[in-house]
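Next comes query-v5.txt, a file with compact mmCIF, C-alpha atoms.
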```txt
# COMPACT_ATOMS: atom_id res chain seq x y z
CA MET A 168 157.55 -71.39 -14.64
CA PRO A 169 160.75 -71.76 -12.54
CA GLU A 170 160.22 -71.86 -8.79
CA ASN A 171 162.07 -68.58 -8.17
CA SER A 172 159.94 -66.81 -10.79
CA ARG A 173 156.77 -68.18 -9.17
CA GLU A 174 157.89 -66.92 -5.77
CA THR A 175 158.74 -63.49 -7.21
CA ALA A 176 155.30 -63.23 -8.82
CA ARG A 177 153.59 -64.30 -5.59
CA ARG A 178 155.53 -61.77 -3.53
CA ARG A 179 154.79 -58.99 -6.00
CA THR A 180 151.06 -59.72 -5.85
CA LEU A 181 151.10 -59.87 -2.06
CA ALA A 182 153.07 -56.62 -1.85
CA TRP A 183 150.44 -54.80 -3.91
CA VAL A 184 147.62 -56.22 -1.79
CA VAL A 185 149.32 -55.17 1.45
CA ALA A 186 150.37 -51.72 0.18
CA LEU A 187 146.96 -50.82 -1.23
CA SER A 188 145.14 -52.15 1.84
CA THR A 189 147.42 -50.18 4.18
CA ALA A 190 146.92 -46.98 2.19
CA ALA A 191 143.14 -47.48 2.21
CA LEU A 192 143.09 -47.93 5.99
CA MET A 193 145.32 -44.91 6.46
CA PHE A 194 142.62 -42.76 4.88
CA ASP A 195 140.06 -44.60 7.00
CA GLY A 196 141.97 -43.56 10.11
CA TYR A 197 142.21 -40.03 8.75
CA ASP A 198 138.44 -39.87 8.38
CA LEU A 199 137.77 -41.15 11.90
CA VAL A 200 140.01 -38.52 13.50
CA VAL A 201 139.57 -35.47 11.28
CA TYR A 202 136.17 -34.54 12.73
CA GLY A 203 137.75 -34.00 16.13
CA THR A 204 140.17 -31.49 14.62
CA VAL A 205 137.38 -29.30 13.19
CA VAL A 206 134.97 -29.33 16.15
CA PRO A 207 136.51 -26.21 17.81
CA THR A 208 136.07 -24.26 14.57
CA LEU A 209 132.46 -25.35 14.12
CA LEU A 210 131.62 -24.53 17.74
CA ALA A 211 133.25 -21.11 17.58
CA ASP A 212 131.86 -19.91 14.25
CA PRO A 213 128.14 -20.46 13.49
CA SER A 214 128.57 -19.13 9.94
CA HIS A 215 129.73 -22.57 8.77
CA LEU A 216 126.89 -24.91 9.72
CA GLY A 217 124.84 -22.79 12.09
CA ALA A 218 125.00 -22.51 15.87
CA ILE A 219 126.20 -25.80 17.40
CA SER A 220 126.10 -26.68 21.07
CA PRO A 221 128.61 -29.11 22.59
CA ALA A 222 125.84 -31.71 22.81
CA GLN A 223 125.04 -31.31 19.11
CA ALA A 224 128.73 -31.58 18.26
CA GLY A 225 128.85 -34.90 20.09
CA THR A 226 125.78 -36.11 18.24
CA LEU A 227 127.32 -35.17 14.89
CA GLY A 228 130.41 -37.14 15.78
CA SER A 229 128.33 -40.21 16.57
CA TYR A 230 126.70 -40.27 13.12
CA ALA A 231 129.90 -41.51 11.52
CA LEU A 232 130.21 -44.24 14.16
CA ILE A 233 126.64 -45.37 13.50
CA GLY A 234 127.60 -45.63 9.84
CA VAL A 235 130.66 -47.63 10.87
CA MET A 236 128.41 -50.12 12.66
CA VAL A 237 126.09 -50.48 9.66
CA GLY A 238 128.99 -50.92 7.24
CA ALA A 239 130.79 -53.44 9.43
CA LEU A 240 127.69 -55.62 9.76
CA SER A 241 126.93 -55.42 6.04
CA ALA A 242 130.39 -55.76 4.51
CA GLY A 243 130.87 -59.46 5.29
CA ALA A 244 127.57 -60.54 3.78
CA ILE A 245 127.91 -58.37 0.69
CA GLY A 246 131.61 -59.20 0.25
CA ASP A 247 130.84 -62.91 0.28
CA ILE A 248 128.40 -62.32 -2.59
CA ILE A 249 130.21 -59.84 -4.85
CA GLY A 250 133.84 -60.41 -3.82
CA ARG A 251 136.55 -58.77 -1.74
CA ARG A 252 137.93 -56.68 -4.61
CA ALA A 253 134.56 -55.22 -5.52
CA ILE A 254 133.84 -54.24 -1.90
CA ILE A 255 137.19 -52.46 -1.62
CA LEU A 256 136.83 -50.60 -4.92
CA VAL A 257 133.23 -49.55 -4.27
CA ASN A 258 133.94 -48.35 -0.76
CA LEU A 259 137.10 -46.47 -1.72
CA ALA A 260 134.87 -44.45 -4.03
CA TRP A 261 132.04 -44.38 -1.47
CA PHE A 262 133.91 -42.88 1.45
CA SER A 263 135.93 -40.53 -0.82
CA ILE A 264 132.74 -39.09 -2.28
CA GLY A 265 131.31 -38.88 1.25
CA MET A 266 134.31 -36.87 2.41
CA ALA A 267 134.09 -34.56 -0.60
CA ALA A 268 130.37 -34.02 -0.01
CA THR A 269 131.02 -33.26 3.67
CA ALA A 270 133.46 -30.55 2.63
CA PHE A 271 130.59 -28.74 0.86
CA ALA A 272 127.95 -29.22 3.58
CA HIS A 273 126.25 -26.01 4.71
CA SER A 274 123.82 -27.29 7.34
CA LEU A 275 123.86 -29.61 10.32
CA THR A 276 121.46 -32.00 8.58
CA THR A 277 123.55 -32.47 5.44
CA PHE A 278 126.79 -32.61 7.43
CA GLY A 279 125.41 -35.35 9.69
CA LEU A 280 124.00 -37.31 6.73
CA PHE A 281 127.28 -37.24 4.85
CA ARG A 282 129.18 -38.28 7.98
CA PHE A 283 126.85 -41.25 8.40
CA LEU A 284 127.27 -42.34 4.77
CA THR A 285 131.04 -41.90 4.94
CA GLY A 286 131.18 -44.10 8.03
CA ILE A 287 129.56 -46.96 6.09
CA GLY A 288 132.33 -46.88 3.50
CA VAL A 289 135.06 -46.57 6.11
CA SER A 290 134.04 -49.64 8.10
CA ALA A 291 133.34 -51.76 5.01
CA LEU A 292 136.99 -51.33 4.06
CA VAL A 293 138.22 -52.14 7.56
CA ALA A 294 136.14 -55.31 7.60
CA THR A 295 137.27 -56.48 4.15
CA VAL A 296 140.98 -55.83 3.70
CA GLY A 297 141.93 -58.21 6.51
CA ALA A 298 140.10 -61.06 4.78
CA LEU A 299 141.76 -60.23 1.46
CA VAL A 300 145.25 -60.13 2.96
CA ALA A 301 144.65 -63.41 4.82
CA GLU A 302 143.56 -65.11 1.59
CA PHE A 303 146.72 -64.07 -0.25
CA ALA A 304 149.28 -64.49 2.55
CA ALA A 305 150.95 -67.71 3.58
CA PRO A 306 149.78 -69.01 6.99
CA ALA A 307 153.00 -67.90 8.69
CA GLN A 308 152.62 -64.37 7.29
CA LYS A 309 148.97 -63.62 8.02
CA ASN A 310 149.30 -62.13 11.50
CA ARG A 311 152.36 -60.03 10.65
CA LEU A 312 150.92 -58.65 7.42
CA ASN A 313 147.56 -57.87 8.96
CA ALA A 314 149.38 -56.02 11.76
CA ILE A 315 151.09 -53.93 9.08
CA VAL A 316 147.84 -53.29 7.23
CA TYR A 317 145.85 -52.28 10.30
CA SER A 318 148.63 -49.96 11.46
CA GLY A 319 147.33 -47.74 8.67
CA VAL A 320 144.39 -46.71 10.89
CA PRO A 321 146.46 -44.99 13.63
CA ALA A 322 148.85 -43.66 10.97
CA GLY A 323 145.87 -41.98 9.35
CA GLY A 324 144.91 -40.42 12.67
CA VAL A 325 148.39 -38.93 12.95
CA LEU A 326 148.09 -37.67 9.36
CA ALA A 327 144.79 -35.95 10.22
CA SER A 328 146.43 -34.13 13.10
CA LEU A 329 149.37 -32.99 10.95
CA VAL A 330 147.15 -31.75 8.12
CA ALA A 331 144.96 -29.95 10.65
CA LEU A 332 148.01 -28.04 11.90
CA ARG A 333 148.57 -26.78 8.37
CA PHE A 334 144.96 -25.74 7.75
CA ALA A 335 144.03 -24.38 11.16
CA ASP A 336 142.23 -21.24 9.97
CA SER A 337 138.46 -20.82 10.01
CA GLU A 338 137.84 -22.01 6.43
CA GLY A 339 140.45 -24.76 6.58
CA TRP A 340 138.02 -27.37 7.90
CA ARG A 341 136.55 -27.80 4.42
CA ILE A 342 140.02 -28.43 3.00
CA LEU A 343 140.56 -31.10 5.67
CA PHE A 344 137.52 -33.04 4.47
CA ALA A 345 138.39 -32.49 0.81
CA PHE A 346 141.84 -33.93 1.54
CA GLY A 347 140.12 -37.12 2.69
CA ALA A 348 138.64 -37.52 -0.81
CA LEU A 349 142.09 -37.97 -2.42
CA PRO A 350 141.76 -41.79 -2.62
CA LEU A 351 139.18 -41.29 -5.38
CA LEU A 352 141.87 -39.69 -7.53
CA LEU A 353 145.06 -41.36 -6.32
CA LEU A 354 144.28 -44.73 -4.78
CA LEU A 355 141.21 -46.01 -6.61
CA PRO A 356 142.77 -46.01 -10.12
CA LEU A 357 145.80 -47.85 -8.76
CA ALA A 358 143.57 -50.38 -7.00
CA VAL A 359 141.57 -50.99 -10.19
CA TRP A 360 144.86 -51.69 -11.97
CA LYS A 361 146.78 -53.70 -9.39
CA LEU A 362 144.39 -55.17 -6.81
CA PRO A 363 143.36 -58.73 -7.73
CA GLU A 364 140.31 -60.65 -6.62
CA SER A 365 140.91 -63.45 -4.14
CA PRO A 366 141.25 -66.82 -5.92
CA ARG A 367 140.14 -68.50 -2.69
CA TRP A 368 136.90 -66.52 -2.69
CA LEU A 369 136.28 -67.48 -6.31
CA LEU A 370 136.87 -71.12 -5.43
CA VAL A 371 134.48 -71.02 -2.47
CA ARG A 372 131.80 -69.44 -4.66
CA GLY A 373 132.08 -72.28 -7.16
CA LYS A 374 133.90 -70.25 -9.84
CA GLN A 375 136.65 -72.81 -10.23
CA GLN A 376 137.84 -71.89 -13.71
CA ARG A 377 138.31 -68.22 -12.84
CA ALA A 378 139.94 -69.20 -9.56
CA LEU A 379 142.46 -71.44 -11.29
CA GLU A 380 143.26 -68.82 -13.93
CA LEU A 381 143.79 -66.12 -11.32
CA ALA A 382 145.83 -68.45 -9.11
CA ARG A 383 148.15 -69.17 -12.06
CA ARG A 384 148.56 -65.46 -12.71
CA THR A 385 149.11 -64.42 -9.08
CA ARG A 386 150.88 -67.66 -8.01
CA VAL A 387 148.56 -68.12 -5.04
CA GLU A 388 148.29 -71.67 -3.75
CA LEU A 389 144.73 -72.96 -3.72
CA PRO A 390 143.40 -75.55 -1.26
CA ALA A 391 141.30 -78.51 -2.29
CA VAL A 392 137.98 -77.47 -3.80
CA PRO A 393 135.57 -76.87 -0.87
CA GLU A 394 131.84 -77.11 -0.81
CA PRO A 395 130.13 -73.80 -1.71
CA ASP A 396 129.73 -71.61 1.36
CA THR A 397 126.06 -71.20 2.21
CA GLY A 398 126.48 -70.05 5.80
CA ARG A 399 124.90 -66.88 7.11
CA VAL A 400 127.02 -63.80 7.77
CA GLY A 401 126.42 -60.17 8.71
CA PHE A 402 122.85 -59.23 9.66
CA ALA A 403 121.60 -62.67 8.62
CA ALA A 404 123.98 -64.32 11.08
CA LEU A 405 122.88 -62.03 13.90
CA ALA A 406 119.26 -62.97 13.23
CA SER A 407 119.92 -66.70 13.16
CA ARG A 408 118.57 -68.80 16.04
CA PRO A 409 121.92 -69.60 17.77
CA LEU A 410 122.78 -65.89 18.05
CA ALA A 411 119.30 -64.42 18.45
```
Would you mind writing the file out in structure tokens?
Amino acid sequence: MPENSRETARRRTLAWVVALSTAALMFDGYDLVVYGTVVPTLLADPSHLGAISPAQAGTLGSYALIGVMVGALSAGAIGDIIGRRAIILVNLAWFSIGMAATAFAHSLTTFGLFRFLTGIGVSALVATVGALVAEFAAPAQKNRLNAIVYSGVPAGGVLASLVALRFADSEGWRILFAFGALPLLLLLPLAVWKLPESPRWLLVRGKQQRALELARRTRVELPAVPEPDTGRVGFAALASRPLA
């Protein structure tokens, strides 16, 4: 293949990776902020989830952050086993379903549970897309492209505020959470179609033939074949003797 055609193919692949990762993190940012926009409604009207005190509202908000911690610690270990692409696809569906379920919650217990589960999916995406972008980008591009991708988080926070202004009535809080489930319908099918696995991850895991085939298709340059990665990550790394 001519050099200019190779470069065009590489740029097209990278553009899809960056665009899909940015969109995913935008909905992540939306999820992290949207709860704050509905708290006044939940405090003022006990018909939604029951009577909520300010202290209980703060506790409910922390459930998602606990899920974020669990997902962040787990994503690296699981992603190194099943792949970056699989983690992204699974967690796009995971946090979208969590948001949809939250929209139909009718008690504090179910609301808190769904917020916790949604937080796991949110943080798993945040922890994975940066690695995927870095494995597709040229060394000189990594910092710039990751800055673009992670700008999706604050952009999603702004989006949550704008949507909340539109649905500010008493029942609108359910629509706000249902809106956060849109990636299941809009983004996930596109990611299944256009988001490739990382050839570098395949190479590290000893899947050399698949790595070479995917590298030829995406025009990603592969390094010399490394030894299989057997290091500990995630919870296993935290439990290892040097970090105990």
If I take atom CA of Ala231 of chain A and atom CA of Ile287 of chain A, how far is one from the other in Å, to one decimal?
7.7 Å
Report as a list in words all protein, DNA and RNA residues lying within 12 Å of Gly225 of chain A, evaluated on all atoms listed in the file, omitting residues in the same chain fewer than 6 positions from it.
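Using all atoms listed in the file, the neighbours found are Tyr202, Gly203, Val206, Pro207, Leu209, Leu210, Ile219, Ala231, Leu232 and Gly279 of chain A.
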Write out as JSON, numbers by chain which residues come within 12 Å of Gly196 of chain A when counting only C-alpha atoms, dropping same-chain ones fewer than 2 positions away.
{"A": [189, 190, 191, 192, 193, 194, 198, 199, 200, 201, 202, 262, 286, 289, 290, 292, 293, 316, 317, 318, 319, 320, 321, 322, 323, 324, 325, 326, 327, 328, 347]}
Write out as a PyMOL selection string the residues lying within 12 Å of Ala358 of chain A, counting all atoms listed in the file and excluding same-chain residues fewer than 5 positions away.
chain A and resi 183-191+252-260+350-353+363-364
So which residues touch Gly246 of chain A within 10 Å, counting all atoms listed in the file, skipping near sequence neighbours fewer than 2 positions away, as a compact mmCIF listing (two decimals) with C-alpha atoms, in the frame of the given file?
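out.txt written:
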```txt
# COMPACT_ATOMS: atom_id res chain seq x y z
CA SER A 241 126.93 -55.42 6.04
CA ALA A 242 130.39 -55.76 4.51
CA GLY A 243 130.87 -59.46 5.29
CA ALA A 244 127.57 -60.54 3.78
CA ILE A 248 128.40 -62.32 -2.59
CA ILE A 249 130.21 -59.84 -4.85
CA GLY A 250 133.84 -60.41 -3.82
CA ARG A 251 136.55 -58.77 -1.74
CA ARG A 252 137.93 -56.68 -4.61
CA ALA A 253 134.56 -55.22 -5.52
CA ILE A 254 133.84 -54.24 -1.90
CA ILE A 255 137.19 -52.46 -1.62
CA ALA A 291 133.34 -51.76 5.01
CA ALA A 294 136.14 -55.31 7.60
CA THR A 295 137.27 -56.48 4.15
CA ALA A 298 140.10 -61.06 4.78
CA TRP A 368 136.90 -66.52 -2.69
CA VAL A 400 127.02 -63.80 7.77
CA GLY A 401 126.42 -60.17 8.71
```
